[in-house]
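For reference, data_22.txt is printed below; it contains compact mmCIF, all heavy atoms.
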```txt
# COMPACT_ATOMS: atom_id res chain seq x y z
N MET A 1 85.61 97.93 101.91
CA MET A 1 86.48 97.43 102.95
C MET A 1 85.73 96.56 103.94
O MET A 1 86.30 95.60 104.45
CB MET A 1 87.14 98.59 103.70
CG MET A 1 88.26 99.23 102.95
SD MET A 1 89.16 100.39 103.97
CE MET A 1 88.84 101.88 103.08
N ASP A 2 84.51 96.90 104.22
CA ASP A 2 83.74 96.13 105.20
C ASP A 2 83.49 94.70 104.72
O ASP A 2 83.53 93.77 105.50
CB ASP A 2 82.42 96.82 105.52
CG ASP A 2 82.64 98.12 106.27
OD1 ASP A 2 83.61 98.20 107.04
OD2 ASP A 2 81.85 99.05 106.09
N ALA A 3 83.25 94.51 103.42
CA ALA A 3 82.98 93.19 102.88
C ALA A 3 84.18 92.25 103.03
O ALA A 3 84.01 91.05 103.18
CB ALA A 3 82.58 93.29 101.42
N GLU A 4 85.40 92.82 103.02
CA GLU A 4 86.61 92.02 103.14
C GLU A 4 87.05 91.84 104.58
O GLU A 4 88.02 91.16 104.86
CB GLU A 4 87.76 92.65 102.33
CG GLU A 4 87.55 92.59 100.84
CD GLU A 4 86.72 93.77 100.34
OE1 GLU A 4 86.46 94.72 101.11
OE2 GLU A 4 86.31 93.76 99.18
N GLY A 5 86.40 92.49 105.53
CA GLY A 5 86.78 92.39 106.92
C GLY A 5 88.04 93.18 107.27
O GLY A 5 88.76 92.83 108.20
N VAL A 6 88.31 94.24 106.55
CA VAL A 6 89.50 95.06 106.78
C VAL A 6 89.30 95.92 108.02
O VAL A 6 88.27 96.56 108.19
CB VAL A 6 89.78 95.94 105.54
CG1 VAL A 6 90.89 96.93 105.81
CG2 VAL A 6 90.08 95.08 104.33
N ASP A 7 90.30 95.95 108.90
CA ASP A 7 90.26 96.79 110.10
C ASP A 7 91.17 98.01 109.99
O ASP A 7 90.98 98.99 110.70
CB ASP A 7 90.70 95.99 111.33
CG ASP A 7 89.71 94.89 111.67
OD1 ASP A 7 88.50 95.11 111.54
OD2 ASP A 7 90.18 93.81 112.07
N LEU A 8 92.18 97.93 109.13
CA LEU A 8 93.19 98.96 109.03
C LEU A 8 93.79 98.92 107.64
O LEU A 8 94.05 97.84 107.10
CB LEU A 8 94.28 98.71 110.08
CG LEU A 8 95.49 99.60 110.10
CD1 LEU A 8 95.12 100.98 110.62
CD2 LEU A 8 96.56 98.99 110.99
N VAL A 9 94.05 100.09 107.06
CA VAL A 9 94.73 100.18 105.76
C VAL A 9 96.02 100.95 106.00
O VAL A 9 96.00 102.05 106.57
CB VAL A 9 93.87 100.93 104.73
CG1 VAL A 9 94.62 101.11 103.42
CG2 VAL A 9 92.55 100.22 104.51
N VAL A 10 97.16 100.40 105.60
CA VAL A 10 98.45 101.08 105.76
C VAL A 10 99.01 101.36 104.38
O VAL A 10 99.08 100.47 103.54
CB VAL A 10 99.44 100.22 106.57
CG1 VAL A 10 100.78 100.93 106.71
CG2 VAL A 10 98.86 99.87 107.93
N LEU A 11 99.40 102.61 104.15
CA LEU A 11 99.95 103.02 102.86
C LEU A 11 101.35 103.57 103.04
O LEU A 11 101.67 104.15 104.08
CB LEU A 11 99.10 104.14 102.24
CG LEU A 11 97.66 103.84 101.90
CD1 LEU A 11 96.99 105.12 101.41
CD2 LEU A 11 97.57 102.76 100.86
N THR A 12 102.16 103.42 102.02
CA THR A 12 103.42 104.16 101.96
C THR A 12 103.25 105.24 100.91
O THR A 12 102.46 105.09 99.97
CB THR A 12 104.62 103.27 101.58
OG1 THR A 12 104.40 102.71 100.29
CG2 THR A 12 104.81 102.17 102.60
N SER A 13 103.96 106.33 101.07
CA SER A 13 103.84 107.43 100.11
C SER A 13 105.13 108.21 100.07
O SER A 13 105.81 108.37 101.07
CB SER A 13 102.69 108.35 100.52
OG SER A 13 102.59 109.43 99.61
N HIS A 14 105.44 108.73 98.90
CA HIS A 14 106.60 109.59 98.74
C HIS A 14 106.23 110.89 98.05
O HIS A 14 107.07 111.73 97.81
CB HIS A 14 107.72 108.87 97.96
CG HIS A 14 107.31 108.52 96.57
ND1 HIS A 14 106.66 107.34 96.29
CD2 HIS A 14 107.42 109.17 95.40
CE1 HIS A 14 106.41 107.30 94.98
NE2 HIS A 14 106.86 108.39 94.43
N GLY A 15 104.98 111.07 97.75
CA GLY A 15 104.52 112.25 97.03
C GLY A 15 104.30 113.45 97.93
O GLY A 15 104.41 113.39 99.13
N LEU A 16 103.98 114.57 97.30
CA LEU A 16 103.66 115.80 98.01
C LEU A 16 102.69 116.58 97.15
O LEU A 16 103.06 117.12 96.13
CB LEU A 16 104.93 116.61 98.27
CG LEU A 16 104.74 117.91 99.03
CD1 LEU A 16 104.16 117.65 100.41
CD2 LEU A 16 106.06 118.64 99.17
N LYS A 17 101.43 116.61 97.56
CA LYS A 17 100.40 117.29 96.77
C LYS A 17 99.42 118.00 97.70
O LYS A 17 99.10 117.50 98.76
CB LYS A 17 99.60 116.29 95.94
CG LYS A 17 100.34 115.75 94.75
CD LYS A 17 99.83 116.44 93.55
CE LYS A 17 100.39 115.75 92.32
NZ LYS A 17 100.00 116.35 91.13
N GLY A 18 98.89 119.10 97.27
CA GLY A 18 97.79 119.75 97.96
C GLY A 18 98.06 120.04 99.42
O GLY A 18 99.14 120.47 99.80
N HIS A 19 97.08 119.75 100.25
CA HIS A 19 97.15 120.06 101.67
C HIS A 19 97.75 118.92 102.49
O HIS A 19 97.93 119.05 103.69
CB HIS A 19 95.75 120.37 102.21
CG HIS A 19 95.09 121.50 101.50
ND1 HIS A 19 95.48 122.81 101.70
CD2 HIS A 19 94.10 121.55 100.58
CE1 HIS A 19 94.76 123.60 100.95
NE2 HIS A 19 93.91 122.85 100.25
N PHE A 20 98.01 117.79 101.86
CA PHE A 20 98.54 116.64 102.57
C PHE A 20 100.00 116.42 102.19
O PHE A 20 100.39 116.67 101.06
CB PHE A 20 97.74 115.38 102.21
CG PHE A 20 96.36 115.36 102.80
CD1 PHE A 20 95.28 115.85 102.10
CD2 PHE A 20 96.15 114.85 104.06
CE1 PHE A 20 94.02 115.85 102.64
CE2 PHE A 20 94.89 114.83 104.62
CZ PHE A 20 93.82 115.33 103.91
N PRO A 21 100.79 115.89 103.13
CA PRO A 21 102.21 115.64 102.83
C PRO A 21 102.45 114.32 102.12
O PRO A 21 103.42 113.65 102.35
CB PRO A 21 102.84 115.64 104.22
CG PRO A 21 101.76 115.13 105.10
CD PRO A 21 100.47 115.66 104.51
N PHE A 22 101.51 113.92 101.27
CA PHE A 22 101.68 112.71 100.47
C PHE A 22 100.90 112.85 99.17
O PHE A 22 100.25 113.86 98.94
CB PHE A 22 101.28 111.44 101.23
CG PHE A 22 100.08 111.59 102.13
CD1 PHE A 22 98.80 111.49 101.63
CD2 PHE A 22 100.25 111.82 103.48
CE1 PHE A 22 97.71 111.60 102.47
CE2 PHE A 22 99.16 111.94 104.32
CZ PHE A 22 97.89 111.84 103.82
N GLY A 23 100.99 111.88 98.29
CA GLY A 23 100.44 111.96 96.95
C GLY A 23 98.92 111.92 96.86
O GLY A 23 98.22 111.67 97.84
N SER A 24 98.43 112.15 95.66
CA SER A 24 96.99 112.27 95.44
C SER A 24 96.23 110.97 95.67
O SER A 24 95.09 110.99 96.15
CB SER A 24 96.71 112.80 94.03
OG SER A 24 97.25 111.93 93.06
N VAL A 25 96.82 109.82 95.36
CA VAL A 25 96.13 108.55 95.58
C VAL A 25 95.99 108.30 97.08
O VAL A 25 94.91 107.95 97.57
CB VAL A 25 96.88 107.38 94.89
CG1 VAL A 25 96.26 106.04 95.27
CG2 VAL A 25 96.86 107.57 93.38
N ALA A 26 97.07 108.49 97.82
CA ALA A 26 97.02 108.32 99.27
C ALA A 26 96.02 109.31 99.88
O ALA A 26 95.26 108.96 100.79
CB ALA A 26 98.40 108.51 99.89
N GLU A 27 96.00 110.53 99.40
CA GLU A 27 95.05 111.52 99.89
C GLU A 27 93.61 111.06 99.67
O GLU A 27 92.77 111.16 100.57
CB GLU A 27 95.26 112.87 99.21
CG GLU A 27 94.28 113.93 99.66
CD GLU A 27 94.49 115.26 99.00
OE1 GLU A 27 95.50 115.46 98.30
OE2 GLU A 27 93.61 116.13 99.17
N ARG A 28 93.32 110.53 98.51
CA ARG A 28 91.98 110.05 98.19
C ARG A 28 91.57 108.89 99.11
O ARG A 28 90.44 108.84 99.60
CB ARG A 28 91.92 109.61 96.73
CG ARG A 28 90.55 109.64 96.14
CD ARG A 28 90.57 109.46 94.62
NE ARG A 28 91.80 109.99 94.05
CZ ARG A 28 92.48 109.45 93.05
NH1 ARG A 28 92.03 108.37 92.47
NH2 ARG A 28 93.59 109.98 92.60
N VAL A 29 92.50 107.98 99.35
CA VAL A 29 92.21 106.85 100.24
C VAL A 29 91.94 107.35 101.65
O VAL A 29 90.96 106.96 102.29
CB VAL A 29 93.36 105.82 100.23
CG1 VAL A 29 93.14 104.74 101.29
CG2 VAL A 29 93.49 105.18 98.85
N VAL A 30 92.79 108.24 102.16
CA VAL A 30 92.63 108.77 103.51
C VAL A 30 91.30 109.50 103.65
O VAL A 30 90.58 109.33 104.64
CB VAL A 30 93.80 109.71 103.88
CG1 VAL A 30 93.52 110.48 105.15
CG2 VAL A 30 95.09 108.91 104.01
N ARG A 31 90.93 110.29 102.67
CA ARG A 31 89.69 111.07 102.74
C ARG A 31 88.44 110.18 102.68
O ARG A 31 87.43 110.50 103.29
CB ARG A 31 89.61 112.07 101.59
CG ARG A 31 90.50 113.27 101.77
CD ARG A 31 90.25 114.26 100.64
NE ARG A 31 91.09 115.40 100.70
CZ ARG A 31 90.81 116.51 101.37
NH1 ARG A 31 89.69 116.59 102.06
NH2 ARG A 31 91.64 117.53 101.36
N ASN A 32 88.50 109.08 101.94
CA ASN A 32 87.31 108.27 101.70
C ASN A 32 87.21 106.99 102.52
O ASN A 32 86.18 106.34 102.52
CB ASN A 32 87.20 107.92 100.21
CG ASN A 32 87.02 109.15 99.37
OD1 ASN A 32 86.12 109.96 99.62
ND2 ASN A 32 87.87 109.33 98.38
N ALA A 33 88.26 106.63 103.22
CA ALA A 33 88.27 105.38 103.97
C ALA A 33 87.36 105.46 105.19
O ALA A 33 87.23 106.51 105.82
CB ALA A 33 89.68 105.04 104.41
N THR A 34 86.73 104.35 105.50
CA THR A 34 85.91 104.26 106.71
C THR A 34 86.68 103.63 107.86
O THR A 34 86.16 103.51 108.95
CB THR A 34 84.64 103.43 106.42
OG1 THR A 34 85.02 102.13 106.00
CG2 THR A 34 83.78 104.09 105.37
N LYS A 35 87.91 103.25 107.59
CA LYS A 35 88.79 102.64 108.59
C LYS A 35 90.03 103.52 108.74
O LYS A 35 90.34 104.33 107.87
CB LYS A 35 89.23 101.24 108.15
CG LYS A 35 88.08 100.31 107.85
CD LYS A 35 87.28 100.00 109.10
CE LYS A 35 86.16 99.02 108.75
NZ LYS A 35 85.34 98.68 109.85
N PRO A 36 90.80 103.36 109.82
CA PRO A 36 92.03 104.13 110.00
C PRO A 36 93.03 103.85 108.87
O PRO A 36 93.16 102.71 108.42
CB PRO A 36 92.59 103.64 111.33
CG PRO A 36 91.45 102.99 112.03
CD PRO A 36 90.52 102.48 110.96
N VAL A 37 93.72 104.91 108.42
CA VAL A 37 94.71 104.78 107.34
C VAL A 37 95.99 105.52 107.73
O VAL A 37 96.15 106.70 107.43
CB VAL A 37 94.18 105.35 106.00
CG1 VAL A 37 95.20 105.13 104.90
CG2 VAL A 37 92.85 104.74 105.63
N PRO A 38 96.91 104.86 108.43
CA PRO A 38 98.21 105.50 108.65
C PRO A 38 99.01 105.50 107.35
O PRO A 38 98.98 104.54 106.59
CB PRO A 38 98.88 104.63 109.71
CG PRO A 38 98.16 103.34 109.69
CD PRO A 38 96.80 103.58 109.11
N VAL A 39 99.69 106.61 107.09
CA VAL A 39 100.53 106.73 105.90
C VAL A 39 101.96 106.92 106.38
O VAL A 39 102.26 107.83 107.14
CB VAL A 39 100.11 107.93 105.03
CG1 VAL A 39 101.00 108.04 103.81
CG2 VAL A 39 98.64 107.79 104.61
N VAL A 40 102.85 106.02 105.96
CA VAL A 40 104.25 106.09 106.34
C VAL A 40 105.08 106.49 105.13
O VAL A 40 104.74 106.17 104.00
CB VAL A 40 104.76 104.76 106.93
CG1 VAL A 40 104.06 104.45 108.24
CG2 VAL A 40 104.59 103.62 105.96
N ARG A 41 106.13 107.22 105.41
CA ARG A 41 107.01 107.66 104.33
C ARG A 41 108.29 106.83 104.34
O ARG A 41 108.90 106.66 105.39
CB ARG A 41 107.35 109.13 104.51
CG ARG A 41 106.10 109.99 104.39
CD ARG A 41 106.48 111.42 104.40
NE ARG A 41 107.40 111.65 103.30
CZ ARG A 41 107.32 112.64 102.45
NH1 ARG A 41 106.38 113.54 102.59
NH2 ARG A 41 108.17 112.79 101.47
N PRO A 42 108.71 106.32 103.17
CA PRO A 42 109.97 105.58 103.11
C PRO A 42 111.14 106.53 103.35
O PRO A 42 111.04 107.73 103.10
CB PRO A 42 109.99 105.01 101.69
CG PRO A 42 109.02 105.82 100.92
CD PRO A 42 108.05 106.42 101.89
N HIS A 43 112.22 106.00 103.85
CA HIS A 43 113.43 106.80 104.04
C HIS A 43 114.59 106.09 103.36
O HIS A 43 114.55 104.88 103.13
CB HIS A 43 113.72 107.00 105.53
CG HIS A 43 114.05 105.73 106.25
ND1 HIS A 43 115.31 105.20 106.25
CD2 HIS A 43 113.28 104.89 106.97
CE1 HIS A 43 115.31 104.08 106.95
NE2 HIS A 43 114.09 103.86 107.40
N ALA A 44 115.61 106.85 103.06
CA ALA A 44 116.80 106.25 102.46
C ALA A 44 117.56 105.48 103.52
O ALA A 44 117.77 105.96 104.63
CB ALA A 44 117.70 107.34 101.87
N SER A 45 117.95 104.25 103.22
CA SER A 45 118.63 103.40 104.18
C SER A 45 120.14 103.46 104.05
O SER A 45 120.84 102.77 104.77
CB SER A 45 118.15 101.96 104.03
OG SER A 45 118.51 101.48 102.75
N GLY A 46 120.64 104.25 103.12
CA GLY A 46 122.08 104.34 102.94
C GLY A 46 122.58 103.46 101.81
O GLY A 46 123.64 103.69 101.28
N ASN A 47 121.77 102.45 101.42
CA ASN A 47 122.20 101.59 100.34
C ASN A 47 121.50 101.94 99.04
O ASN A 47 121.63 101.23 98.05
CB ASN A 47 121.95 100.12 100.69
CG ASN A 47 120.49 99.79 100.91
OD1 ASN A 47 119.62 100.65 100.69
ND2 ASN A 47 120.20 98.59 101.34
N GLY A 48 120.71 103.05 99.04
CA GLY A 48 120.02 103.49 97.85
C GLY A 48 118.73 102.75 97.55
O GLY A 48 118.06 103.05 96.58
N ARG A 49 118.38 101.78 98.38
CA ARG A 49 117.18 100.99 98.13
C ARG A 49 115.98 101.47 98.92
O ARG A 49 114.86 101.09 98.66
CB ARG A 49 117.46 99.52 98.44
CG ARG A 49 118.47 98.93 97.49
CD ARG A 49 118.90 97.55 97.83
NE ARG A 49 117.78 96.72 98.23
CZ ARG A 49 117.92 95.54 98.79
NH1 ARG A 49 119.12 95.06 99.01
NH2 ARG A 49 116.88 94.83 99.13
N GLY A 50 116.19 102.31 99.93
CA GLY A 50 115.09 102.82 100.73
C GLY A 50 114.61 101.79 101.74
O GLY A 50 115.11 100.68 101.83
N GLY A 51 113.64 102.19 102.53
CA GLY A 51 113.09 101.32 103.55
C GLY A 51 112.00 102.04 104.29
O GLY A 51 111.68 103.18 103.98
N LEU A 52 111.41 101.40 105.25
CA LEU A 52 110.35 102.01 106.04
C LEU A 52 110.83 102.28 107.45
O LEU A 52 111.62 101.53 108.00
CB LEU A 52 109.12 101.10 106.09
CG LEU A 52 108.47 100.79 104.77
CD1 LEU A 52 107.30 99.84 104.97
CD2 LEU A 52 107.99 102.06 104.10
N SER A 53 110.32 103.34 108.04
CA SER A 53 110.67 103.67 109.42
C SER A 53 110.02 102.71 110.37
O SER A 53 108.97 102.21 110.15
CB SER A 53 110.22 105.09 109.75
OG SER A 53 110.85 106.00 108.91
```
Now that the file is in, can you turn its structure into structure tokens?
Amino acid sequence: MDAEGVDLVVLTSHGLKGHFPFGSVAERVVRNATKPVPVVRPHASGNGRGGLS
């Protein structure tokens, strides 16, 4: 991440695994990232297509 100049990583997730309320890939990123990683969960928008909060 440092080589690319990344300051923040934002993920969406809908999974539920282990001790975290999101999937295993998001968990791995959160555990190993050297930068902040907010994880947002999509919600149903009423039209069946979903969306972000």
Write out as JSON, numbers by chain each polymer residue whose atoms come within 6 Å of region 24-39 of chain A, counting only C-alpha atoms; drop sequence neighbours fewer than 5 positions from it. {"A": [8, 9, 10, 11, 12]}
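Note that the spacing between CE1 of His14 (chain A) and atom N of Pro42 (chain A) amounts to 8.6 Å.
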Kindly give the distance, in Å, that separates atom C of Phe22 (chain A) and atom O of Arg41 (chain A), rounded to a single decimal. 11.9 Å
Coordinates-based distance that separates CB of Val40 (chain A) from atom C of Ser13 (chain A) (Å, one decimal): 7.7 Å
Kindly list the centre and edge lengths in Å, rounded to one decimal, for the axis-aligned box that covers all listed atoms of region 30-33 of chain A plus 8 Å on each of its six sides, as lines of an AutoDock Vina configuration file.
```
center_x = 90.6
center_y = 111.3
center_z = 102.1
size_x = 25.0
size_y = 28.5
size_z = 23.4
```
